[in-house]
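Listing of entry-v4.pdb, PDB, C-alpha atoms and all ligand atoms
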```pdb
ATOM      1  CA  MET A1069      16.004   4.737 -24.711  1.00  0.00           C
ATOM      2  CA  ARG A1070      17.825   5.447 -21.461  1.00  0.00           C
ATOM      3  CA  PRO A1071      15.867   7.645 -19.033  1.00  0.00           C
ATOM      4  CA  PRO A1072      17.730  10.588 -17.485  1.00  0.00           C
ATOM      5  CA  ASP A1073      19.689   9.908 -14.278  1.00  0.00           C
ATOM      6  CA  GLY A1074      17.095  11.604 -12.050  1.00  0.00           C
ATOM      7  CA  LEU A1075      14.430   9.260 -13.366  1.00  0.00           C
ATOM      8  CA  TRP A1076      16.535   6.162 -12.591  1.00  0.00           C
ATOM      9  CA  ARG A1077      17.163   7.424  -9.078  1.00  0.00           C
ATOM     10  CA  ARG A1078      13.433   8.004  -8.554  1.00  0.00           C
ATOM     11  CA  ARG A1079      12.625   4.518  -9.853  1.00  0.00           C
ATOM     12  CA  VAL A1080      15.183   2.875  -7.589  1.00  0.00           C
ATOM     13  CA  ALA A1081      13.823   4.962  -4.682  1.00  0.00           C
ATOM     14  CA  SER A1082      10.280   3.790  -5.513  1.00  0.00           C
ATOM     15  CA  PHE A1083      11.420   0.164  -5.283  1.00  0.00           C
ATOM     16  CA  GLY A1084      13.004   1.014  -1.945  1.00  0.00           C
ATOM     17  CA  HIS A1085       9.733   2.502  -0.676  1.00  0.00           C
ATOM     18  CA  ALA A1086       7.815  -0.558  -1.866  1.00  0.00           C
ATOM     19  CA  PHE A1087      10.191  -3.011  -0.148  1.00  0.00           C
ATOM     20  CA  ARG A1088      10.090  -0.871   2.992  1.00  0.00           C
ATOM     21  CA  GLY A1089       6.286  -1.143   2.881  1.00  0.00           C
ATOM     22  CA  VAL A1090       6.384  -4.934   2.598  1.00  0.00           C
ATOM     23  CA  TRP A1091       8.903  -5.120   5.451  1.00  0.00           C
ATOM     24  CA  ALA A1092       6.880  -2.748   7.689  1.00  0.00           C
ATOM     25  CA  ALA A1093       3.689  -4.745   7.103  1.00  0.00           C
ATOM     26  CA  LEU A1094       5.526  -8.033   7.701  1.00  0.00           C
ATOM     27  CA  ARG A1095       6.856  -6.766  11.024  1.00  0.00           C
ATOM     28  CA  SER A1096       3.505  -5.520  12.291  1.00  0.00           C
ATOM     29  CA  GLU A1097       0.965  -7.995  10.864  1.00  0.00           C
ATOM     30  CA  VAL A1098       0.701 -11.493  12.308  1.00  0.00           C
ATOM     31  CA  HIS A1099      -1.387 -12.554   9.257  1.00  0.00           C
ATOM     32  CA  LEU A1100       1.510 -11.676   6.964  1.00  0.00           C
ATOM     33  CA  GLN A1101       3.978 -13.559   9.145  1.00  0.00           C
ATOM     34  CA  PHE A1102       1.712 -16.576   8.774  1.00  0.00           C
ATOM     35  CA  HIS A1103       1.662 -16.031   4.981  1.00  0.00           C
ATOM     36  CA  ALA A1104       5.461 -15.869   4.976  1.00  0.00           C
ATOM     37  CA  LEU A1105       5.641 -19.211   6.780  1.00  0.00           C
ATOM     38  CA  ALA A1106       2.985 -20.714   4.482  1.00  0.00           C
ATOM     39  CA  THR A1107       4.895 -19.413   1.438  1.00  0.00           C
ATOM     40  CA  VAL A1108       8.103 -21.127   2.570  1.00  0.00           C
ATOM     41  CA  VAL A1109       6.218 -24.396   3.249  1.00  0.00           C
ATOM     42  CA  VAL A1110       4.413 -24.294  -0.127  1.00  0.00           C
ATOM     43  CA  ILE A1111       7.640 -23.579  -2.044  1.00  0.00           C
ATOM     44  CA  GLY A1112       9.354 -26.452  -0.203  1.00  0.00           C
ATOM     45  CA  LEU A1113       6.420 -28.740  -1.021  1.00  0.00           C
ATOM     46  CA  GLY A1114       6.597 -27.585  -4.642  1.00  0.00           C
ATOM     47  CA  PHE A1115      10.229 -28.729  -4.915  1.00  0.00           C
ATOM     48  CA  TYR A1116       9.386 -31.979  -3.108  1.00  0.00           C
ATOM     49  CA  CYS A1117       6.527 -32.687  -5.569  1.00  0.00           C
ATOM     50  CA  ASN A1118       8.685 -31.669  -8.538  1.00  0.00           C
ATOM     51  CA  LEU A1119       6.016 -29.313  -9.931  1.00  0.00           C
ATOM     52  CA  THR A1120       5.880 -28.573 -13.652  1.00  0.00           C
ATOM     53  CA  ARG A1121       6.463 -25.025 -14.955  1.00  0.00           C
ATOM     54  CA  LEU A1122       2.739 -24.452 -15.361  1.00  0.00           C
ATOM     55  CA  GLU A1123       2.057 -25.691 -11.829  1.00  0.00           C
ATOM     56  CA  TRP A1124       4.773 -23.355 -10.485  1.00  0.00           C
ATOM     57  CA  ALA A1125       3.181 -20.477 -12.402  1.00  0.00           C
ATOM     58  CA  LEU A1126      -0.223 -21.176 -10.811  1.00  0.00           C
ATOM     59  CA  VAL A1127       1.274 -21.525  -7.337  1.00  0.00           C
ATOM     60  CA  ALA A1128       3.300 -18.304  -7.791  1.00  0.00           C
ATOM     61  CA  LEU A1129       0.174 -16.416  -8.877  1.00  0.00           C
ATOM     62  CA  ALA A1130      -1.796 -17.780  -5.931  1.00  0.00           C
ATOM     63  CA  ILE A1131       0.949 -16.828  -3.452  1.00  0.00           C
ATOM     64  CA  ALA A1132       1.376 -13.365  -4.965  1.00  0.00           C
ATOM     65  CA  SER A1133      -2.364 -12.653  -4.977  1.00  0.00           C
ATOM     66  CA  VAL A1134      -2.702 -13.508  -1.282  1.00  0.00           C
ATOM     67  CA  TRP A1135       0.317 -11.320  -0.427  1.00  0.00           C
ATOM     68  CA  ALA A1136      -0.994  -8.457  -2.568  1.00  0.00           C
ATOM     69  CA  ALA A1137      -4.485  -8.643  -1.044  1.00  0.00           C
ATOM     70  CA  GLU A1138      -3.053  -8.786   2.486  1.00  0.00           C
ATOM     71  CA  LEU A1139      -0.785  -5.782   1.834  1.00  0.00           C
ATOM     72  CA  VAL A1140      -3.657  -3.713   0.395  1.00  0.00           C
ATOM     73  CA  ASN A1141      -5.794  -4.757   3.378  1.00  0.00           C
ATOM     74  CA  THR A1142      -3.052  -3.597   5.749  1.00  0.00           C
ATOM     75  CA  ALA A1143      -2.792  -0.265   3.927  1.00  0.00           C
ATOM     76  CA  ILE A1144      -6.571   0.255   4.033  1.00  0.00           C
ATOM     77  CA  GLU A1145      -6.672  -0.622   7.742  1.00  0.00           C
ATOM     78  CA  ALA A1146      -3.942   1.917   8.471  1.00  0.00           C
ATOM     79  CA  LEU A1147      -5.628   4.644   6.406  1.00  0.00           C
ATOM     80  CA  THR A1148      -9.005   3.891   7.990  1.00  0.00           C
ATOM     81  CA  ASP A1149      -7.547   4.099  11.504  1.00  0.00           C
ATOM     82  CA  LEU A1150      -5.931   7.420  10.553  1.00  0.00           C
ATOM     83  CA  ALA A1151      -9.042   8.894   8.941  1.00  0.00           C
ATOM     84  CA  SER A1152     -11.597   7.502  11.362  1.00  0.00           C
ATOM     85  CA  PRO A1153     -10.220   6.400  14.736  1.00  0.00           C
ATOM     86  CA  ALA A1154     -13.759   6.681  16.105  1.00  0.00           C
ATOM     87  CA  TYR A1155     -16.511   4.286  15.072  1.00  0.00           C
ATOM     88  CA  HIS A1156     -18.093   5.061  11.693  1.00  0.00           C
ATOM     89  CA  PRO A1157     -20.151   2.722   9.511  1.00  0.00           C
ATOM     90  CA  LEU A1158     -18.093   3.687   6.425  1.00  0.00           C
ATOM     91  CA  ALA A1159     -14.835   2.919   8.238  1.00  0.00           C
ATOM     92  CA  GLY A1160     -16.257  -0.473   9.153  1.00  0.00           C
ATOM     93  CA  LYS A1161     -17.357  -1.038   5.557  1.00  0.00           C
ATOM     94  CA  ALA A1162     -13.901  -0.139   4.215  1.00  0.00           C
ATOM     95  CA  LYS A1163     -12.227  -2.610   6.577  1.00  0.00           C
ATOM     96  CA  ASP A1164     -14.775  -5.361   5.921  1.00  0.00           C
ATOM     97  CA  VAL A1165     -14.484  -5.000   2.135  1.00  0.00           C
ATOM     98  CA  ALA A1166     -10.676  -5.038   2.335  1.00  0.00           C
ATOM     99  CA  ALA A1167     -10.834  -8.148   4.520  1.00  0.00           C
ATOM    100  CA  GLY A1168     -13.195  -9.671   1.933  1.00  0.00           C
ATOM    101  CA  ALA A1169     -10.514  -9.225  -0.735  1.00  0.00           C
ATOM    102  CA  VAL A1170      -8.071 -11.221   1.409  1.00  0.00           C
ATOM    103  CA  LEU A1171     -10.678 -13.909   1.989  1.00  0.00           C
ATOM    104  CA  LEU A1172     -11.345 -14.322  -1.755  1.00  0.00           C
ATOM    105  CA  ALA A1173      -7.628 -14.431  -2.593  1.00  0.00           C
ATOM    106  CA  ALA A1174      -7.083 -17.027   0.141  1.00  0.00           C
ATOM    107  CA  LEU A1175      -9.997 -19.169  -1.112  1.00  0.00           C
ATOM    108  CA  GLY A1176      -8.611 -18.983  -4.654  1.00  0.00           C
ATOM    109  CA  ALA A1177      -5.187 -20.024  -3.363  1.00  0.00           C
ATOM    110  CA  LEU A1178      -6.790 -22.920  -1.513  1.00  0.00           C
ATOM    111  CA  VAL A1179      -8.438 -24.137  -4.728  1.00  0.00           C
ATOM    112  CA  VAL A1180      -5.157 -23.792  -6.665  1.00  0.00           C
ATOM    113  CA  GLY A1181      -3.317 -25.617  -3.883  1.00  0.00           C
ATOM    114  CA  ALA A1182      -5.813 -28.480  -3.871  1.00  0.00           C
ATOM    115  CA  LEU A1183      -5.806 -28.827  -7.687  1.00  0.00           C
ATOM    116  CA  VAL A1184      -2.017 -28.586  -8.030  1.00  0.00           C
ATOM    117  CA  PHE A1185      -0.854 -30.558  -4.992  1.00  0.00           C
ATOM    118  CA  GLY A1186      -3.821 -32.960  -4.715  1.00  0.00           C
ATOM    119  CA  PRO A1187      -2.825 -35.193  -7.660  1.00  0.00           C
ATOM    120  CA  HIS A1188       0.827 -35.298  -6.474  1.00  0.00           C
ATOM    121  CA  VAL A1189      -0.249 -36.336  -2.968  1.00  0.00           C
ATOM    122  CA  LEU A1190      -2.660 -38.960  -4.334  1.00  0.00           C
ATOM    123  CA  ALA A1191      -0.013 -40.314  -6.735  1.00  0.00           C
ATOM    124  CA  GLY A1192       2.451 -40.579  -3.852  1.00  0.00           C
ATOM    125  CA  ARG A1193       0.012 -42.709  -1.857  1.00  0.00           C
ATOM    126  CA  GLN A1194      -0.388 -45.328  -4.626  1.00  0.00           C
TER     127      GLN A1194
HETATM  128  N1  LIG B1201     -13.386   2.809  13.014  1.00  0.00           N
HETATM  129  C1  LIG B1201     -14.246   1.788  12.841  1.00  0.00           C
HETATM  130  N2  LIG B1201     -15.545   2.033  12.596  1.00  0.00           N
HETATM  131  C2  LIG B1201     -16.424   1.029  12.424  1.00  0.00           C
HETATM  132  N3  LIG B1201     -16.107  -0.291  12.461  1.00  0.00           N
HETATM  133  C3  LIG B1201     -14.809  -0.611  12.680  1.00  0.00           C
HETATM  134  C4  LIG B1201     -13.819   0.394  12.894  1.00  0.00           C
HETATM  135  N4  LIG B1201     -12.627  -0.237  13.093  1.00  0.00           N
HETATM  136  C5  LIG B1201     -12.877  -1.538  13.001  1.00  0.00           C
HETATM  137  N5  LIG B1201     -14.163  -1.792  12.736  1.00  0.00           N
HETATM  138  C6  LIG B1201     -14.825  -3.110  12.571  1.00  0.00           C
HETATM  139  O1  LIG B1201     -14.075  -4.093  13.287  1.00  0.00           O
HETATM  140  C7  LIG B1201     -13.538  -5.062  12.373  1.00  0.00           C
HETATM  141  C8  LIG B1201     -12.141  -5.442  12.822  1.00  0.00           C
HETATM  142  O2  LIG B1201     -11.323  -4.304  12.715  1.00  0.00           O
HETATM  143  P1  LIG B1201      -9.768  -4.330  13.085  1.00  0.00           P
HETATM  144  O3  LIG B1201      -9.212  -2.981  12.864  1.00  0.00           O
HETATM  145  O4  LIG B1201      -9.594  -4.931  14.441  1.00  0.00           O
HETATM  146  O5  LIG B1201      -9.191  -5.255  11.942  1.00  0.00           O
HETATM  147  P2  LIG B1201      -8.890  -6.821  11.987  1.00  0.00           P
HETATM  148  O6  LIG B1201      -9.822  -7.470  11.009  1.00  0.00           O
HETATM  149  O7  LIG B1201      -8.887  -7.324  13.392  1.00  0.00           O
HETATM  150  O8  LIG B1201      -7.483  -6.839  11.327  1.00  0.00           O
HETATM  151  P3  LIG B1201      -6.050  -7.110  12.025  1.00  0.00           P
HETATM  152  O9  LIG B1201      -6.230  -8.328  12.903  1.00  0.00           O
HETATM  153  O10 LIG B1201      -5.169  -7.330  10.840  1.00  0.00           O
HETATM  154  O11 LIG B1201      -5.748  -5.852  12.787  1.00  0.00           O
HETATM  155  C9  LIG B1201     -13.558  -4.387  10.987  1.00  0.00           C
HETATM  156  O12 LIG B1201     -13.619  -5.334   9.945  1.00  0.00           O
HETATM  157  C10 LIG B1201     -14.821  -3.546  11.102  1.00  0.00           C
HETATM  158  O13 LIG B1201     -15.976  -4.332  10.864  1.00  0.00           O
END
```
Hey, can you dump this file as structure tokens for me?
Amino acid sequence: MRPPDGLWRRRVASFGHAFRGVWAALRSEVHLQFHALATVVVIGLGFYCNLTRLEWALVALAIASVWAAELVNTAIEALTDLASPAYHPLAGKAKDVAAGAVLLAALGALVVGALVFGPHVLAGRQ
């Protein structure tokens, strides 16, 4: 069923807000710029290694989870700085926990990268 026009406009606007958020974070966060570079390198390597569909799916999930964790971390950092510019143990906890989410996503991506690309690299050396 087709939603009313106003609903479509709101949905399109929501996408716009979301892309604006990604762009704003990308411009301000050096970590995200590094992720962008790493994403391009990994995708290039994926084509070079001729990954299977399942391998691409794992790599895509790993890339997306690191981006998602980094974006949430950026949002929590901004909110924490707004709510508590002065030192507060809870503000520190919020930032540390958010950073922990990025760390776990990055470790997971590292494992996926090693398991997916490792055999291709080893096969290439034989
Ligand atoms: N308002 C605060 N109150 C208490 N501790 C804080 C506060 N702000 C930052 N911290 C502590 O300092 C650490 C670093 O905070 P900071 O805001 O510099 O983030 P960061 O990890 O350097 O991220 P980025 O480099 O992306 O800005 C936090 O993880 C937290 O432990």
Residue IDs satisfying the PyMOL selection byres (((not hetatm)) within 12 of (chain B and resi 1201)), as a VMD selection string: chain A and resid 1093 to 1094 1096 to 1102 1137 to 1171
Might you pull out every residue within 12 Å of Ala1128 in chain A, with all atoms listed in the file counted and same-chain residues fewer than 3 positions away left off, and present them as a PDB file with C-alpha atoms, in the frame of the given file?
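The new file result.pdb reads:
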```pdb
ATOM      1  CA  THR A1107       4.895 -19.413   1.438  1.00  0.00           C
ATOM      2  CA  VAL A1108       8.103 -21.127   2.570  1.00  0.00           C
ATOM      3  CA  VAL A1110       4.413 -24.294  -0.127  1.00  0.00           C
ATOM      4  CA  ILE A1111       7.640 -23.579  -2.044  1.00  0.00           C
ATOM      5  CA  GLY A1114       6.597 -27.585  -4.642  1.00  0.00           C
ATOM      6  CA  LEU A1119       6.016 -29.313  -9.931  1.00  0.00           C
ATOM      7  CA  ARG A1121       6.463 -25.025 -14.955  1.00  0.00           C
ATOM      8  CA  LEU A1122       2.739 -24.452 -15.361  1.00  0.00           C
ATOM      9  CA  GLU A1123       2.057 -25.691 -11.829  1.00  0.00           C
ATOM     10  CA  TRP A1124       4.773 -23.355 -10.485  1.00  0.00           C
ATOM     11  CA  ALA A1125       3.181 -20.477 -12.402  1.00  0.00           C
ATOM     12  CA  ILE A1131       0.949 -16.828  -3.452  1.00  0.00           C
ATOM     13  CA  ALA A1132       1.376 -13.365  -4.965  1.00  0.00           C
ATOM     14  CA  SER A1133      -2.364 -12.653  -4.977  1.00  0.00           C
ATOM     15  CA  VAL A1134      -2.702 -13.508  -1.282  1.00  0.00           C
ATOM     16  CA  TRP A1135       0.317 -11.320  -0.427  1.00  0.00           C
ATOM     17  CA  ALA A1136      -0.994  -8.457  -2.568  1.00  0.00           C
ATOM     18  CA  ALA A1177      -5.187 -20.024  -3.363  1.00  0.00           C
ATOM     19  CA  VAL A1180      -5.157 -23.792  -6.665  1.00  0.00           C
ATOM     20  CA  GLY A1181      -3.317 -25.617  -3.883  1.00  0.00           C
ATOM     21  CA  VAL A1184      -2.017 -28.586  -8.030  1.00  0.00           C
TER      22      VAL A1184
END
```
In Å, rounded to a single decimal, give me how far CA of Ala1086 in chain A is from CA of Ala1106 in chain A. 21.7 Å
With distances taken over all atoms listed in the file, which of A:Cys1117, A:Leu1105, A:Val1080, A:Leu1129 is nearest to Ala1191 in chain A?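 The answer is A:Cys1117, which sits nearest to Ala1191 in chain A.
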Place N, CA and C atoms on range 1069-1099 of chain A and deliver the coordinates as a PDB file, in the coordinates of the input.
```pdb
ATOM      1  N   MET A1069      15.377   3.448 -24.997  1.00  0.00           N
ATOM      2  CA  MET A1069      16.004   4.737 -24.711  1.00  0.00           C
ATOM      3  C   MET A1069      16.272   4.856 -23.211  1.00  0.00           C
ATOM      4  N   ARG A1070      17.441   5.373 -22.863  1.00  0.00           N
ATOM      5  CA  ARG A1070      17.825   5.447 -21.461  1.00  0.00           C
ATOM      6  C   ARG A1070      17.209   6.686 -20.804  1.00  0.00           C
ATOM      7  N   PRO A1071      16.434   6.462 -19.694  1.00  0.00           N
ATOM      8  CA  PRO A1071      15.867   7.645 -19.033  1.00  0.00           C
ATOM      9  C   PRO A1071      16.955   8.471 -18.348  1.00  0.00           C
ATOM     10  N   PRO A1072      16.728   9.757 -18.151  1.00  0.00           N
ATOM     11  CA  PRO A1072      17.730  10.588 -17.485  1.00  0.00           C
ATOM     12  C   PRO A1072      18.019  10.073 -16.070  1.00  0.00           C
ATOM     13  N   ASP A1073      19.236  10.438 -15.572  1.00  0.00           N
ATOM     14  CA  ASP A1073      19.689   9.908 -14.278  1.00  0.00           C
ATOM     15  C   ASP A1073      18.677  10.114 -13.155  1.00  0.00           C
ATOM     16  N   GLY A1074      18.056  11.305 -13.124  1.00  0.00           N
ATOM     17  CA  GLY A1074      17.095  11.604 -12.050  1.00  0.00           C
ATOM     18  C   GLY A1074      15.953  10.607 -12.030  1.00  0.00           C
ATOM     19  N   LEU A1075      15.549  10.199 -13.247  1.00  0.00           N
ATOM     20  CA  LEU A1075      14.430   9.260 -13.366  1.00  0.00           C
ATOM     21  C   LEU A1075      14.817   7.896 -12.796  1.00  0.00           C
ATOM     22  N   TRP A1076      16.048   7.444 -13.129  1.00  0.00           N
ATOM     23  CA  TRP A1076      16.535   6.162 -12.591  1.00  0.00           C
ATOM     24  C   TRP A1076      16.532   6.197 -11.072  1.00  0.00           C
ATOM     25  N   ARG A1077      17.055   7.322 -10.537  1.00  0.00           N
ATOM     26  CA  ARG A1077      17.163   7.424  -9.078  1.00  0.00           C
ATOM     27  C   ARG A1077      15.770   7.350  -8.446  1.00  0.00           C
ATOM     28  N   ARG A1078      14.801   8.024  -9.101  1.00  0.00           N
ATOM     29  CA  ARG A1078      13.433   8.004  -8.554  1.00  0.00           C
ATOM     30  C   ARG A1078      12.835   6.604  -8.618  1.00  0.00           C
ATOM     31  N   ARG A1079      13.155   5.890  -9.732  1.00  0.00           N
ATOM     32  CA  ARG A1079      12.625   4.518  -9.853  1.00  0.00           C
ATOM     33  C   ARG A1079      13.220   3.604  -8.799  1.00  0.00           C
ATOM     34  N   VAL A1080      14.530   3.705  -8.613  1.00  0.00           N
ATOM     35  CA  VAL A1080      15.183   2.875  -7.589  1.00  0.00           C
ATOM     36  C   VAL A1080      14.608   3.222  -6.220  1.00  0.00           C
ATOM     37  N   ALA A1081      14.388   4.536  -5.972  1.00  0.00           N
ATOM     38  CA  ALA A1081      13.823   4.962  -4.682  1.00  0.00           C
ATOM     39  C   ALA A1081      12.428   4.388  -4.512  1.00  0.00           C
ATOM     40  N   SER A1082      11.636   4.336  -5.605  1.00  0.00           N
ATOM     41  CA  SER A1082      10.280   3.790  -5.513  1.00  0.00           C
ATOM     42  C   SER A1082      10.317   2.317  -5.108  1.00  0.00           C
ATOM     43  N   PHE A1083      11.271   1.561  -5.690  1.00  0.00           N
ATOM     44  CA  PHE A1083      11.420   0.164  -5.283  1.00  0.00           C
ATOM     45  C   PHE A1083      11.744   0.082  -3.799  1.00  0.00           C
ATOM     46  N   GLY A1084      12.624   0.980  -3.363  1.00  0.00           N
ATOM     47  CA  GLY A1084      13.004   1.014  -1.945  1.00  0.00           C
ATOM     48  C   GLY A1084      11.790   1.252  -1.068  1.00  0.00           C
ATOM     49  N   HIS A1085      10.946   2.217  -1.465  1.00  0.00           N
ATOM     50  CA  HIS A1085       9.733   2.502  -0.676  1.00  0.00           C
ATOM     51  C   HIS A1085       8.835   1.270  -0.626  1.00  0.00           C
ATOM     52  N   ALA A1086       8.699   0.609  -1.792  1.00  0.00           N
ATOM     53  CA  ALA A1086       7.815  -0.558  -1.866  1.00  0.00           C
ATOM     54  C   ALA A1086       8.331  -1.681  -0.958  1.00  0.00           C
ATOM     55  N   PHE A1087       9.643  -1.952  -1.010  1.00  0.00           N
ATOM     56  CA  PHE A1087      10.191  -3.011  -0.148  1.00  0.00           C
ATOM     57  C   PHE A1087      10.066  -2.628   1.326  1.00  0.00           C
ATOM     58  N   ARG A1088      10.243  -1.334   1.612  1.00  0.00           N
ATOM     59  CA  ARG A1088      10.090  -0.871   2.992  1.00  0.00           C
ATOM     60  C   ARG A1088       8.649  -1.111   3.463  1.00  0.00           C
ATOM     61  N   GLY A1089       7.687  -0.907   2.549  1.00  0.00           N
ATOM     62  CA  GLY A1089       6.286  -1.143   2.881  1.00  0.00           C
ATOM     63  C   GLY A1089       6.022  -2.608   3.197  1.00  0.00           C
ATOM     64  N   VAL A1090       6.579  -3.498   2.361  1.00  0.00           N
ATOM     65  CA  VAL A1090       6.384  -4.934   2.598  1.00  0.00           C
ATOM     66  C   VAL A1090       6.989  -5.305   3.953  1.00  0.00           C
ATOM     67  N   TRP A1091       8.192  -4.790   4.208  1.00  0.00           N
ATOM     68  CA  TRP A1091       8.903  -5.120   5.451  1.00  0.00           C
ATOM     69  C   TRP A1091       8.136  -4.587   6.669  1.00  0.00           C
ATOM     70  N   ALA A1092       7.625  -3.350   6.571  1.00  0.00           N
ATOM     71  CA  ALA A1092       6.880  -2.748   7.689  1.00  0.00           C
ATOM     72  C   ALA A1092       5.623  -3.557   7.979  1.00  0.00           C
ATOM     73  N   ALA A1093       4.918  -3.965   6.915  1.00  0.00           N
ATOM     74  CA  ALA A1093       3.689  -4.745   7.103  1.00  0.00           C
ATOM     75  C   ALA A1093       4.027  -6.113   7.701  1.00  0.00           C
ATOM     76  N   LEU A1094       5.116  -6.707   7.208  1.00  0.00           N
ATOM     77  CA  LEU A1094       5.526  -8.033   7.701  1.00  0.00           C
ATOM     78  C   LEU A1094       5.848  -7.985   9.196  1.00  0.00           C
ATOM     79  N   ARG A1095       6.469  -6.886   9.612  1.00  0.00           N
ATOM     80  CA  ARG A1095       6.856  -6.766  11.024  1.00  0.00           C
ATOM     81  C   ARG A1095       5.647  -6.574  11.928  1.00  0.00           C
ATOM     82  N   SER A1096       4.617  -5.882  11.410  1.00  0.00           N
ATOM     83  CA  SER A1096       3.505  -5.520  12.291  1.00  0.00           C
ATOM     84  C   SER A1096       2.312  -6.475  12.191  1.00  0.00           C
ATOM     85  N   GLU A1097       2.182  -7.195  11.085  1.00  0.00           N
ATOM     86  CA  GLU A1097       0.965  -7.995  10.864  1.00  0.00           C
ATOM     87  C   GLU A1097       1.223  -9.485  11.056  1.00  0.00           C
ATOM     88  N   VAL A1098       0.546 -10.058  12.035  1.00  0.00           N
ATOM     89  CA  VAL A1098       0.701 -11.493  12.308  1.00  0.00           C
ATOM     90  C   VAL A1098       0.215 -12.323  11.105  1.00  0.00           C
ATOM     91  N   HIS A1099      -0.873 -11.826  10.432  1.00  0.00           N
ATOM     92  CA  HIS A1099      -1.387 -12.554   9.257  1.00  0.00           C
ATOM     93  C   HIS A1099      -0.291 -12.705   8.201  1.00  0.00           C
TER      94      HIS A1099
END
```
